[in-house]
$ cat my_file.pdb   # PDB, C-alpha atoms
ATOM      1  CA  MET A 546      39.868  44.283  -6.255  1.00  0.00           C
ATOM      2  CA  LYS A 547      36.277  43.064  -6.598  1.00  0.00           C
ATOM      3  CA  LEU A 548      37.454  39.571  -7.498  1.00  0.00           C
ATOM      4  CA  ARG A 549      39.691  39.368  -4.455  1.00  0.00           C
ATOM      5  CA  ARG A 550      36.936  40.634  -2.185  1.00  0.00           C
ATOM      6  CA  ARG A 551      34.484  37.967  -3.504  1.00  0.00           C
ATOM      7  CA  GLN A 552      37.078  35.248  -3.014  1.00  0.00           C
ATOM      8  CA  LEU A 553      37.631  36.398   0.551  1.00  0.00           C
ATOM      9  CA  ILE A 554      33.875  36.357   1.314  1.00  0.00           C
ATOM     10  CA  LEU A 555      33.445  32.927  -0.304  1.00  0.00           C
ATOM     11  CA  THR A 556      36.406  31.511   1.630  1.00  0.00           C
ATOM     12  CA  SER A 557      35.086  32.829   4.916  1.00  0.00           C
ATOM     13  CA  LEU A 558      31.630  31.342   4.248  1.00  0.00           C
ATOM     14  CA  VAL A 559      33.125  27.934   3.427  1.00  0.00           C
ATOM     15  CA  LEU A 560      35.249  28.019   6.584  1.00  0.00           C
ATOM     16  CA  SER A 561      32.228  29.044   8.693  1.00  0.00           C
ATOM     17  CA  LEU A 562      30.174  26.223   7.264  1.00  0.00           C
ATOM     18  CA  GLY A 563      32.977  23.735   7.886  1.00  0.00           C
ATOM     19  CA  ALA A 564      33.323  24.946  11.480  1.00  0.00           C
ATOM     20  CA  ALA A 565      29.567  24.632  12.047  1.00  0.00           C
ATOM     21  CA  VAL A 566      29.537  21.064  10.704  1.00  0.00           C
ATOM     22  CA  TYR A 567      32.542  20.119  12.872  1.00  0.00           C
ATOM     23  CA  LEU A 568      31.031  21.652  16.023  1.00  0.00           C
ATOM     24  CA  ASN A 569      27.680  19.959  15.359  1.00  0.00           C
ATOM     25  CA  TRP A 570      29.402  16.608  14.941  1.00  0.00           C
ATOM     26  CA  HIS A 571      31.648  17.106  17.959  1.00  0.00           C
ATOM     27  CA  PHE A 572      28.909  18.207  20.365  1.00  0.00           C
ATOM     28  CA  SER A 573      26.139  15.934  19.110  1.00  0.00           C
ATOM     29  CA  ASP A 574      25.126  13.332  21.657  1.00  0.00           C
ATOM     30  CA  ASP A 575      24.757  10.173  19.554  1.00  0.00           C
ATOM     31  CA  LYS A 576      25.249   7.776  22.517  1.00  0.00           C
ATOM     32  CA  GLY A 577      26.587   5.046  20.279  1.00  0.00           C
ATOM     33  CA  LEU A 578      23.497   4.782  18.109  1.00  0.00           C
ATOM     34  CA  SER A 579      24.040   3.393  14.681  1.00  0.00           C
ATOM     35  CA  ALA A 580      21.791   3.774  11.680  1.00  0.00           C
ATOM     36  CA  THR A 581      20.547   0.188  12.039  1.00  0.00           C
ATOM     37  CA  ASP A 582      19.261   0.913  15.568  1.00  0.00           C
ATOM     38  CA  ILE A 583      17.193   3.799  14.298  1.00  0.00           C
ATOM     39  CA  LEU A 584      15.838   1.973  11.262  1.00  0.00           C
ATOM     40  CA  GLN A 585      14.474  -1.061  13.156  1.00  0.00           C
ATOM     41  CA  PRO A 586      10.687  -0.516  13.407  1.00  0.00           C
ATOM     42  CA  GLN A 587       8.746  -1.413  16.518  1.00  0.00           C
ATOM     43  CA  LYS A 588       5.766  -2.534  14.461  1.00  0.00           C
ATOM     44  CA  GLU A 589       5.648  -3.025  10.735  1.00  0.00           C
ATOM     45  CA  LEU A 590       2.838  -1.215   8.964  1.00  0.00           C
ATOM     46  CA  GLY A 591       0.738  -3.420   6.726  1.00  0.00           C
ATOM     47  CA  GLU A 592       1.917  -6.546   8.518  1.00  0.00           C
ATOM     48  CA  ALA A 593      -0.226  -9.575   7.692  1.00  0.00           C
ATOM     49  CA  LYS A 594      -2.157 -11.074  10.575  1.00  0.00           C
ATOM     50  CA  TYR A 595      -4.081 -14.295  10.818  1.00  0.00           C
ATOM     51  CA  VAL A 596      -7.744 -13.690  11.475  1.00  0.00           C
ATOM     52  CA  ASN A 597      -8.166 -16.657  13.808  1.00  0.00           C
ATOM     53  CA  SER A 598      -4.928 -16.162  15.728  1.00  0.00           C
ATOM     54  CA  SER A 599      -4.985 -15.706  19.476  1.00  0.00           C
ATOM     55  CA  LYS A 600      -3.158 -12.379  19.152  1.00  0.00           C
ATOM     56  CA  ALA A 601      -5.870 -11.006  16.870  1.00  0.00           C
ATOM     57  CA  SER A 602      -8.568 -12.153  19.257  1.00  0.00           C
ATOM     58  CA  GLU A 603      -6.756 -10.477  22.172  1.00  0.00           C
ATOM     59  CA  GLU A 604      -6.691  -7.173  20.281  1.00  0.00           C
ATOM     60  CA  LYS A 605     -10.405  -7.423  19.469  1.00  0.00           C
ATOM     61  CA  GLU A 606     -11.459  -8.058  23.092  1.00  0.00           C
ATOM     62  CA  ASP A 607     -11.423  -4.330  23.842  1.00  0.00           C
ATOM     63  CA  ALA A 608     -13.738  -3.513  20.943  1.00  0.00           C
ATOM     64  CA  GLU A 609     -17.458  -4.008  21.337  1.00  0.00           C
ATOM     65  CA  PRO A 610     -18.480  -7.144  19.442  1.00  0.00           C
ATOM     66  CA  ILE A 611     -20.789  -6.710  16.499  1.00  0.00           C
ATOM     67  CA  PRO A 612     -23.482  -9.386  16.388  1.00  0.00           C
ATOM     68  CA  THR A 613     -23.574 -11.206  13.078  1.00  0.00           C
ATOM     69  CA  ASN A 614     -26.149 -13.858  13.930  1.00  0.00           C
ATOM     70  CA  MET A 615     -29.364 -13.213  12.079  1.00  0.00           C
ATOM     71  CA  SER A 616     -32.796 -14.659  12.483  1.00  0.00           C
ATOM     72  CA  GLU A 617     -34.276 -16.647   9.634  1.00  0.00           C
ATOM     73  CA  ARG A 618     -36.703 -13.790   9.035  1.00  0.00           C
ATOM     74  CA  THR A 619     -33.807 -11.316   8.591  1.00  0.00           C
ATOM     75  CA  LYS A 620     -31.923 -13.700   6.291  1.00  0.00           C
ATOM     76  CA  GLU A 621     -35.073 -14.119   4.224  1.00  0.00           C
ATOM     77  CA  TYR A 622     -35.555 -10.338   4.088  1.00  0.00           C
ATOM     78  CA  PHE A 623     -32.031  -9.755   2.751  1.00  0.00           C
ATOM     79  CA  ALA A 624     -32.375 -12.575   0.201  1.00  0.00           C
ATOM     80  CA  ASN A 625     -35.740 -11.288  -1.047  1.00  0.00           C
ATOM     81  CA  ALA A 626     -34.591  -7.668  -1.138  1.00  0.00           C
ATOM     82  CA  LYS A 627     -31.500  -8.544  -3.188  1.00  0.00           C
ATOM     83  CA  MET A 628     -33.542 -10.675  -5.563  1.00  0.00           C
ATOM     84  CA  GLU A 629     -36.138  -7.913  -5.969  1.00  0.00           C
ATOM     85  CA  ARG A 630     -33.448  -5.287  -6.559  1.00  0.00           C
ATOM     86  CA  GLN A 631     -31.824  -7.464  -9.236  1.00  0.00           C
ATOM     87  CA  LYS A 632     -35.194  -8.128 -10.849  1.00  0.00           C
ATOM     88  CA  LYS A 633     -35.957  -4.379 -11.069  1.00  0.00           C
ATOM     89  CA  ARG A 634     -32.540  -3.672 -12.561  1.00  0.00           C
ATOM     90  CA  ASP A 635     -32.982  -6.421 -15.139  1.00  0.00           C
ATOM     91  CA  GLU A 636     -36.358  -4.949 -16.105  1.00  0.00           C
ATOM     92  CA  ALA A 637     -34.816  -1.488 -16.465  1.00  0.00           C
ATOM     93  CA  THR A 638     -31.998  -2.928 -18.585  1.00  0.00           C
ATOM     94  CA  ASP A 639     -34.512  -4.670 -20.871  1.00  0.00           C
ATOM     95  CA  ILE A 640     -36.465  -1.440 -21.329  1.00  0.00           C
ATOM     96  CA  ILE A 641     -33.263   0.410 -22.203  1.00  0.00           C
ATOM     97  CA  ARG A 642     -32.250  -2.260 -24.733  1.00  0.00           C
ATOM     98  CA  LYS A 643     -35.674  -2.219 -26.375  1.00  0.00           C
ATOM     99  CA  THR A 644     -35.670   1.577 -26.575  1.00  0.00           C
ATOM    100  CA  LEU A 645     -32.185   1.690 -28.089  1.00  0.00           C
ATOM    101  CA  SER A 646     -32.979  -1.045 -30.620  1.00  0.00           C
ATOM    102  CA  GLU A 647     -35.935   0.899 -32.028  1.00  0.00           C
ATOM    103  CA  GLY A 648     -35.036   2.669 -35.231  1.00  0.00           C
ATOM    104  CA  ASN A 649     -37.028   5.861 -34.625  1.00  0.00           C
ATOM    105  CA  VAL A 650     -35.068   7.049 -31.547  1.00  0.00           C
ATOM    106  CA  SER A 651     -33.271  10.365 -31.934  1.00  0.00           C
ATOM    107  CA  GLU A 652     -29.564  10.727 -31.271  1.00  0.00           C
ATOM    108  CA  GLN A 653     -30.260  12.995 -28.284  1.00  0.00           C
ATOM    109  CA  THR A 654     -32.532  10.354 -26.730  1.00  0.00           C
ATOM    110  CA  LYS A 655     -29.892   7.678 -27.323  1.00  0.00           C
ATOM    111  CA  ALA A 656     -27.280   9.880 -25.641  1.00  0.00           C
ATOM    112  CA  ASP A 657     -29.594  10.488 -22.664  1.00  0.00           C
ATOM    113  CA  ILE A 658     -30.355   6.776 -22.322  1.00  0.00           C
ATOM    114  CA  THR A 659     -26.665   5.921 -22.552  1.00  0.00           C
ATOM    115  CA  LYS A 660     -25.873   8.461 -19.820  1.00  0.00           C
ATOM    116  CA  GLN A 661     -28.607   7.023 -17.581  1.00  0.00           C
ATOM    117  CA  THR A 662     -27.285   3.517 -18.222  1.00  0.00           C
ATOM    118  CA  GLU A 663     -23.793   4.591 -17.204  1.00  0.00           C
ATOM    119  CA  GLU A 664     -25.160   6.163 -14.009  1.00  0.00           C
ATOM    120  CA  ILE A 665     -27.073   2.981 -13.150  1.00  0.00           C
ATOM    121  CA  ALA A 666     -23.981   0.851 -13.783  1.00  0.00           C
ATOM    122  CA  LYS A 667     -21.845   3.176 -11.639  1.00  0.00           C
ATOM    123  CA  ALA A 668     -24.379   3.101  -8.774  1.00  0.00           C
ATOM    124  CA  THR A 669     -24.609  -0.693  -9.024  1.00  0.00           C
ATOM    125  CA  GLN A 670     -20.836  -1.041  -8.816  1.00  0.00           C
ATOM    126  CA  GLN A 671     -20.623   1.368  -5.878  1.00  0.00           C
ATOM    127  CA  GLU A 672     -23.416  -0.478  -4.048  1.00  0.00           C
ATOM    128  CA  SER A 673     -21.630  -3.779  -4.552  1.00  0.00           C
ATOM    129  CA  ASN A 674     -18.290  -2.371  -3.370  1.00  0.00           C
ATOM    130  CA  ILE A 675     -19.853  -0.786  -0.277  1.00  0.00           C
ATOM    131  CA  GLU A 676     -21.732  -3.987   0.624  1.00  0.00           C
ATOM    132  CA  ASN A 677     -18.555  -6.062   0.289  1.00  0.00           C
ATOM    133  CA  ILE A 678     -16.481  -3.686   2.414  1.00  0.00           C
ATOM    134  CA  ILE A 679     -19.162  -3.483   5.120  1.00  0.00           C
ATOM    135  CA  LYS A 680     -19.324  -7.298   5.205  1.00  0.00           C
ATOM    136  CA  ALA A 681     -15.519  -7.481   5.376  1.00  0.00           C
ATOM    137  CA  LYS A 682     -15.565  -5.159   8.395  1.00  0.00           C
ATOM    138  CA  GLY A 683     -17.674  -7.756  10.235  1.00  0.00           C
ATOM    139  CA  PHE A 684     -21.163  -6.267  10.035  1.00  0.00           C
ATOM    140  CA  GLY A 685     -22.652  -9.308   8.332  1.00  0.00           C
ATOM    141  CA  ASP A 686     -25.179  -9.036   5.540  1.00  0.00           C
ATOM    142  CA  CYS A 687     -26.373  -5.617   4.401  1.00  0.00           C
ATOM    143  CA  MET A 688     -28.159  -3.849   1.574  1.00  0.00           C
ATOM    144  CA  VAL A 689     -27.034  -0.592  -0.016  1.00  0.00           C
ATOM    145  CA  PHE A 690     -29.196   1.606  -2.240  1.00  0.00           C
ATOM    146  CA  ILE A 691     -27.718   4.599  -4.039  1.00  0.00           C
ATOM    147  CA  GLN A 692     -30.149   6.914  -5.775  1.00  0.00           C
ATOM    148  CA  ASN A 693     -30.378  10.661  -6.448  1.00  0.00           C
ATOM    149  CA  GLY A 694     -27.139  11.438  -4.598  1.00  0.00           C
ATOM    150  CA  GLU A 695     -28.291   9.687  -1.425  1.00  0.00           C
ATOM    151  CA  CYS A 696     -27.407   6.349   0.092  1.00  0.00           C
ATOM    152  CA  SER A 697     -29.571   4.123   2.270  1.00  0.00           C
ATOM    153  CA  ILE A 698     -28.043   1.160   4.074  1.00  0.00           C
ATOM    154  CA  ILE A 699     -29.854  -1.648   5.857  1.00  0.00           C
ATOM    155  CA  VAL A 700     -27.716  -3.662   8.297  1.00  0.00           C
ATOM    156  CA  ASN A 701     -28.225  -6.579  10.680  1.00  0.00           C
ATOM    157  CA  PRO A 702     -30.252  -5.954  13.813  1.00  0.00           C
ATOM    158  CA  GLY A 703     -28.099  -5.057  16.806  1.00  0.00           C
ATOM    159  CA  SER A 704     -25.046  -4.100  14.781  1.00  0.00           C
ATOM    160  CA  LEU A 705     -25.330  -0.318  15.124  1.00  0.00           C
ATOM    161  CA  ASN A 706     -23.510   1.787  17.684  1.00  0.00           C
ATOM    162  CA  ASP A 707     -21.783   5.177  17.399  1.00  0.00           C
ATOM    163  CA  SER A 708     -18.504   3.793  16.093  1.00  0.00           C
ATOM    164  CA  SER A 709     -20.156   1.416  13.608  1.00  0.00           C
ATOM    165  CA  VAL A 710     -22.275   4.250  12.187  1.00  0.00           C
ATOM    166  CA  ILE A 711     -19.130   6.335  11.665  1.00  0.00           C
ATOM    167  CA  THR A 712     -17.334   3.375  10.099  1.00  0.00           C
ATOM    168  CA  ILE A 713     -20.189   2.673   7.687  1.00  0.00           C
ATOM    169  CA  ARG A 714     -20.572   6.340   6.733  1.00  0.00           C
ATOM    170  CA  ASP A 715     -16.815   6.561   6.127  1.00  0.00           C
ATOM    171  CA  ILE A 716     -16.966   3.505   3.852  1.00  0.00           C
ATOM    172  CA  VAL A 717     -19.909   4.910   1.887  1.00  0.00           C
ATOM    173  CA  SER A 718     -18.368   8.357   1.558  1.00  0.00           C
ATOM    174  CA  GLY A 719     -15.034   6.926   0.460  1.00  0.00           C
ATOM    175  CA  GLN A 720     -16.540   4.660  -2.177  1.00  0.00           C
ATOM    176  CA  SER A 721     -19.231   6.958  -3.545  1.00  0.00           C
ATOM    177  CA  GLY A 722     -18.346  10.513  -2.529  1.00  0.00           C
ATOM    178  CA  ILE A 723     -21.746  10.973  -0.890  1.00  0.00           C
ATOM    179  CA  ALA A 724     -21.767  13.439   2.017  1.00  0.00           C
ATOM    180  CA  PHE A 725     -22.311  12.097   5.545  1.00  0.00           C
ATOM    181  CA  ASP A 726     -25.624  13.933   5.945  1.00  0.00           C
ATOM    182  CA  ARG A 727     -27.027  12.166   2.852  1.00  0.00           C
ATOM    183  CA  ILE A 728     -26.322   8.669   4.222  1.00  0.00           C
ATOM    184  CA  LYS A 729     -29.118   6.869   6.077  1.00  0.00           C
ATOM    185  CA  ILE A 730     -28.406   3.687   8.047  1.00  0.00           C
ATOM    186  CA  THR A 731     -31.220   1.445   9.260  1.00  0.00           C
ATOM    187  CA  GLU A 732     -31.262  -1.832  11.146  1.00  0.00           C
ATOM    188  CA  ALA A 733     -33.379  -4.626   9.702  1.00  0.00           C
ATOM    189  CA  LYS A 734     -36.165  -5.782  12.028  1.00  0.00           C
TER     190      LYS A 734
END
$ encode --input "my_file.pdb" --output "structure tokens"
Amino acid sequence: MKLRRRQLILTSLVLSLGAAVYLNWHFSDDKGLSATDILQPQKELGEAKYVNSSKASEEKEDAEPIPTNMSERTKEYFANAKMERQKKRDEATDIIRKTLSEGNVSEQTKADITKQTEEIAKATQQESNIENIIKAKGFGDCMVFIQNGECSIIVNPGSLNDSSVITIRDIVSGQSGIAFDRIKITEAK
């Protein structure tokens, strides 16, 4: 008796499901659409575009242009600042090497120095990545300094507006994980 009752319930469920599928198909309003009509995209995501094409320049006309022309004084500032930063890092690296090469350094000190070296290398890589991305976004030359969980950025004069500040902070946060309120952006004079 129980077996027959289960079979009857199962049969009625299958028939109900079949009827629902048939009614859905019969009353659906497909208007002659085929799967290929639906799958044709209007615009392909990730589509390559030429930078100097007229279409790209038409799209950029709405956006506020970011000045990339720098005075000789600003170019000299960026060149000197980068050279000075590299010089200081080289000096720090030499000090670390000399300290590690000494025979009377404890294992704990070596571990601390190695950790500091890794942090310096990580900050250097992040600074380089951030600078390259900011330049690729059209802001021109810039300097990035990451230290003590904060980031300071120096950009070309005249290149800051509300949207550019947000863009730069988003780049920095994405590359380094530093919070927006710990990012300082300054224009070179």
$ residues_around --input "my_file.pdb" --residues "stretch 649-663 of chain A" --least-positions-apart "3" --cutoff "12 Å" --atoms "only C-alpha atoms" --output "PDB file with C-alpha atoms, in the coordinates of the input"
ATOM      1  CA  ARG A 634     -32.540  -3.672 -12.561  1.00  0.00           C
ATOM      2  CA  ASP A 635     -32.982  -6.421 -15.139  1.00  0.00           C
ATOM      3  CA  ALA A 637     -34.816  -1.488 -16.465  1.00  0.00           C
ATOM      4  CA  THR A 638     -31.998  -2.928 -18.585  1.00  0.00           C
ATOM      5  CA  ASP A 639     -34.512  -4.670 -20.871  1.00  0.00           C
ATOM      6  CA  ILE A 640     -36.465  -1.440 -21.329  1.00  0.00           C
ATOM      7  CA  ILE A 641     -33.263   0.410 -22.203  1.00  0.00           C
ATOM      8  CA  ARG A 642     -32.250  -2.260 -24.733  1.00  0.00           C
ATOM      9  CA  LYS A 643     -35.674  -2.219 -26.375  1.00  0.00           C
ATOM     10  CA  THR A 644     -35.670   1.577 -26.575  1.00  0.00           C
ATOM     11  CA  LEU A 645     -32.185   1.690 -28.089  1.00  0.00           C
ATOM     12  CA  SER A 646     -32.979  -1.045 -30.620  1.00  0.00           C
ATOM     13  CA  ALA A 666     -23.981   0.851 -13.783  1.00  0.00           C
ATOM     14  CA  LYS A 667     -21.845   3.176 -11.639  1.00  0.00           C
ATOM     15  CA  ALA A 668     -24.379   3.101  -8.774  1.00  0.00           C
ATOM     16  CA  THR A 669     -24.609  -0.693  -9.024  1.00  0.00           C
ATOM     17  CA  GLN A 670     -20.836  -1.041  -8.816  1.00  0.00           C
ATOM     18  CA  GLN A 692     -30.149   6.914  -5.775  1.00  0.00           C
ATOM     19  CA  ASN A 693     -30.378  10.661  -6.448  1.00  0.00           C
TER      20      ASN A 693
END
$ atom_distance --input "my_file.pdb" --atom1 "atom CA of A:Ile711" --atom2 "atom CA of A:Glu617"
27.6 Å
$ closest_residue --input "my_file.pdb" --among "A:Met688, A:Ala565, A:Leu705, A:Ile713" --to "A:Asn625" --atoms "all atoms listed in the file"
A:Met688
$ atom_distance --input "my_file.pdb" --atom1 "atom CA of A:Thr619" --atom2 "atom CA of A:Ile716"
22.9 Å
$ atom_distance --input "my_file.pdb" --atom1 "atom CA of A:Ile699" --atom2 "atom CA of A:Glu732"
5.5 Å
$ residues_around --input "my_file.pdb" --residues "stretch 684-686 of chain A" --least-positions-apart "4" --cutoff "12 Å" --atoms "only C-alpha atoms" --output "short mmCIF file (atom, residue, chain, number, x, y, z; two decimals) with C-alpha atoms, in the coordinates of the input"
data_model
loop_
_atom_site.label_atom_id
_atom_site.label_comp_id
_atom_site.auth_asym_id
_atom_site.auth_seq_id
_atom_site.Cartn_x
_atom_site.Cartn_y
_atom_site.Cartn_z
CA PRO A 610 -18.48 -7.14 19.44
CA ILE A 611 -20.79 -6.71 16.50
CA PRO A 612 -23.48 -9.39 16.39
CA THR A 613 -23.57 -11.21 13.08
CA ASN A 614 -26.15 -13.86 13.93
CA MET A 615 -29.36 -13.21 12.08
CA SER A 616 -32.80 -14.66 12.48
CA THR A 619 -33.81 -11.32 8.59
CA LYS A 620 -31.92 -13.70 6.29
CA GLU A 621 -35.07 -14.12 4.22
CA TYR A 622 -35.56 -10.34 4.09
CA PHE A 623 -32.03 -9.76 2.75
CA ALA A 624 -32.38 -12.58 0.20
CA ALA A 626 -34.59 -7.67 -1.14
CA LYS A 627 -31.50 -8.54 -3.19
CA SER A 673 -21.63 -3.78 -4.55
CA ILE A 675 -19.85 -0.79 -0.28
CA GLU A 676 -21.73 -3.99 0.62
CA ASN A 677 -18.56 -6.06 0.29
CA ILE A 678 -16.48 -3.69 2.41
CA ILE A 679 -19.16 -3.48 5.12
CA LYS A 680 -19.32 -7.30 5.20
CA ILE A 698 -28.04 1.16 4.07
CA ILE A 699 -29.85 -1.65 5.86
CA VAL A 700 -27.72 -3.66 8.30
CA ASN A 701 -28.22 -6.58 10.68
CA PRO A 702 -30.25 -5.95 13.81
CA GLY A 703 -28.10 -5.06 16.81
CA SER A 704 -25.05 -4.10 14.78
CA LEU A 705 -25.33 -0.32 15.12
CA ASN A 706 -23.51 1.79 17.68
CA SER A 709 -20.16 1.42 13.61
CA VAL A 710 -22.28 4.25 12.19
CA THR A 712 -17.33 3.38 10.10
CA ILE A 713 -20.19 2.67 7.69
CA GLU A 732 -31.26 -1.83 11.15
CA ALA A 733 -33.38 -4.63 9.70
#
$ closest_residue --input "my_file.pdb" --among "A:Lys633, A:Asp715, A:Leu548, A:Gly694" --to "A:Arg727" --atoms "only C-alpha atoms"
A:Gly694
$ closest_residue --input "my_file.pdb" --among "A:Met628, A:Ile691, A:Ala681, A:Ile554" --to "A:Ile665" --atoms "all atoms listed in the file"
A:Ile691
$ decode --input "my_file.pdb" --residues "stretch 606-683 of chain A" --atoms "C-alpha atoms" --output "PDB file, in the first residue's frame"
ATOM      1  CA  GLU A 606      37.351  65.031 -24.722  1.00  0.00           C
ATOM      2  CA  ASP A 607      34.756  64.886 -21.944  1.00  0.00           C
ATOM      3  CA  ALA A 608      37.367  64.270 -19.254  1.00  0.00           C
ATOM      4  CA  GLU A 609      39.334  67.179 -17.872  1.00  0.00           C
ATOM      5  CA  PRO A 610      42.845  67.083 -19.332  1.00  0.00           C
ATOM      6  CA  ILE A 611      45.696  66.499 -16.942  1.00  0.00           C
ATOM      7  CA  PRO A 612      48.676  68.729 -17.699  1.00  0.00           C
ATOM      8  CA  THR A 613      51.871  66.764 -18.155  1.00  0.00           C
ATOM      9  CA  ASN A 614      54.158  69.591 -19.235  1.00  0.00           C
ATOM     10  CA  MET A 615      56.662  70.364 -16.532  1.00  0.00           C
ATOM     11  CA  SER A 616      59.006  73.249 -16.068  1.00  0.00           C
ATOM     12  CA  GLU A 617      62.724  72.589 -16.087  1.00  0.00           C
ATOM     13  CA  ARG A 618      62.771  73.323 -12.363  1.00  0.00           C
ATOM     14  CA  THR A 619      60.155  70.596 -11.711  1.00  0.00           C
ATOM     15  CA  LYS A 620      61.987  68.096 -13.927  1.00  0.00           C
ATOM     16  CA  GLU A 621      65.194  68.857 -12.054  1.00  0.00           C
ATOM     17  CA  TYR A 622      63.409  68.429  -8.710  1.00  0.00           C
ATOM     18  CA  PHE A 623      62.100  64.970  -9.645  1.00  0.00           C
ATOM     19  CA  ALA A 624      65.500  63.891 -11.005  1.00  0.00           C
ATOM     20  CA  ASN A 625      67.335  65.081  -7.881  1.00  0.00           C
ATOM     21  CA  ALA A 626      64.761  63.599  -5.514  1.00  0.00           C
ATOM     22  CA  LYS A 627      64.955  60.187  -7.200  1.00  0.00           C
ATOM     23  CA  MET A 628      68.743  60.272  -7.186  1.00  0.00           C
ATOM     24  CA  GLU A 629      68.807  61.275  -3.510  1.00  0.00           C
ATOM     25  CA  ARG A 630      66.307  58.559  -2.585  1.00  0.00           C
ATOM     26  CA  GLN A 631      68.400  55.933  -4.392  1.00  0.00           C
ATOM     27  CA  LYS A 632      71.567  57.209  -2.737  1.00  0.00           C
ATOM     28  CA  LYS A 633      70.003  56.919   0.748  1.00  0.00           C
ATOM     29  CA  ARG A 634      68.779  53.403   0.013  1.00  0.00           C
ATOM     30  CA  ASP A 635      72.208  52.358  -1.231  1.00  0.00           C
ATOM     31  CA  GLU A 636      73.764  53.724   1.966  1.00  0.00           C
ATOM     32  CA  ALA A 637      71.247  51.809   4.083  1.00  0.00           C
ATOM     33  CA  THR A 638      71.945  48.633   2.101  1.00  0.00           C
ATOM     34  CA  ASP A 639      75.704  49.035   2.643  1.00  0.00           C
ATOM     35  CA  ILE A 640      75.203  49.480   6.386  1.00  0.00           C
ATOM     36  CA  ILE A 641      73.053  46.349   6.504  1.00  0.00           C
ATOM     37  CA  ARG A 642      75.648  44.330   4.568  1.00  0.00           C
ATOM     38  CA  LYS A 643      78.466  45.500   6.828  1.00  0.00           C
ATOM     39  CA  THR A 644      76.461  44.691   9.955  1.00  0.00           C
ATOM     40  CA  LEU A 645      75.550  41.217   8.711  1.00  0.00           C
ATOM     41  CA  SER A 646      79.125  40.443   7.644  1.00  0.00           C
ATOM     42  CA  GLU A 647      80.481  41.126  11.137  1.00  0.00           C
ATOM     43  CA  GLY A 648      81.073  37.932  13.047  1.00  0.00           C
ATOM     44  CA  ASN A 649      79.932  39.165  16.467  1.00  0.00           C
ATOM     45  CA  VAL A 650      76.265  39.799  15.527  1.00  0.00           C
ATOM     46  CA  SER A 651      73.713  37.716  17.405  1.00  0.00           C
ATOM     47  CA  GLU A 652      71.150  35.590  15.612  1.00  0.00           C
ATOM     48  CA  GLN A 653      68.321  37.786  16.928  1.00  0.00           C
ATOM     49  CA  THR A 654      69.993  40.902  15.496  1.00  0.00           C
ATOM     50  CA  LYS A 655      70.499  39.145  12.160  1.00  0.00           C
ATOM     51  CA  ALA A 656      66.818  38.167  12.115  1.00  0.00           C
ATOM     52  CA  ASP A 657      65.774  41.752  12.916  1.00  0.00           C
ATOM     53  CA  ILE A 658      68.037  43.164  10.203  1.00  0.00           C
ATOM     54  CA  THR A 659      66.738  40.628   7.696  1.00  0.00           C
ATOM     55  CA  LYS A 660      63.144  41.580   8.546  1.00  0.00           C
ATOM     56  CA  GLN A 661      63.941  45.286   8.123  1.00  0.00           C
ATOM     57  CA  THR A 662      65.632  44.541   4.801  1.00  0.00           C
ATOM     58  CA  GLU A 663      62.553  42.689   3.590  1.00  0.00           C
ATOM     59  CA  GLU A 664      60.333  45.613   4.624  1.00  0.00           C
ATOM     60  CA  ILE A 665      62.566  48.085   2.776  1.00  0.00           C
ATOM     61  CA  ALA A 666      62.555  45.896  -0.340  1.00  0.00           C
ATOM     62  CA  LYS A 667      58.758  45.549  -0.176  1.00  0.00           C
ATOM     63  CA  ALA A 668      58.284  49.324   0.218  1.00  0.00           C
ATOM     64  CA  THR A 669      60.695  49.968  -2.660  1.00  0.00           C
ATOM     65  CA  GLN A 670      58.788  47.597  -4.928  1.00  0.00           C
ATOM     66  CA  GLN A 671      55.438  49.113  -3.947  1.00  0.00           C
ATOM     67  CA  GLU A 672      56.757  52.642  -4.550  1.00  0.00           C
ATOM     68  CA  SER A 673      58.003  51.641  -7.984  1.00  0.00           C
ATOM     69  CA  ASN A 674      54.709  49.950  -8.895  1.00  0.00           C
ATOM     70  CA  ILE A 675      52.650  52.934  -7.721  1.00  0.00           C
ATOM     71  CA  GLU A 676      54.849  55.416  -9.614  1.00  0.00           C
ATOM     72  CA  ASN A 677      54.572  53.370 -12.815  1.00  0.00           C
ATOM     73  CA  ILE A 678      50.791  53.043 -12.575  1.00  0.00           C
ATOM     74  CA  ILE A 679      50.339  56.758 -11.834  1.00  0.00           C
ATOM     75  CA  LYS A 680      52.512  57.596 -14.861  1.00  0.00           C
ATOM     76  CA  ALA A 681      50.518  55.149 -17.001  1.00  0.00           C
ATOM     77  CA  LYS A 682      47.301  56.914 -15.983  1.00  0.00           C
ATOM     78  CA  GLY A 683      48.678  60.113 -17.544  1.00  0.00           C
TER      79      GLY A 683
END
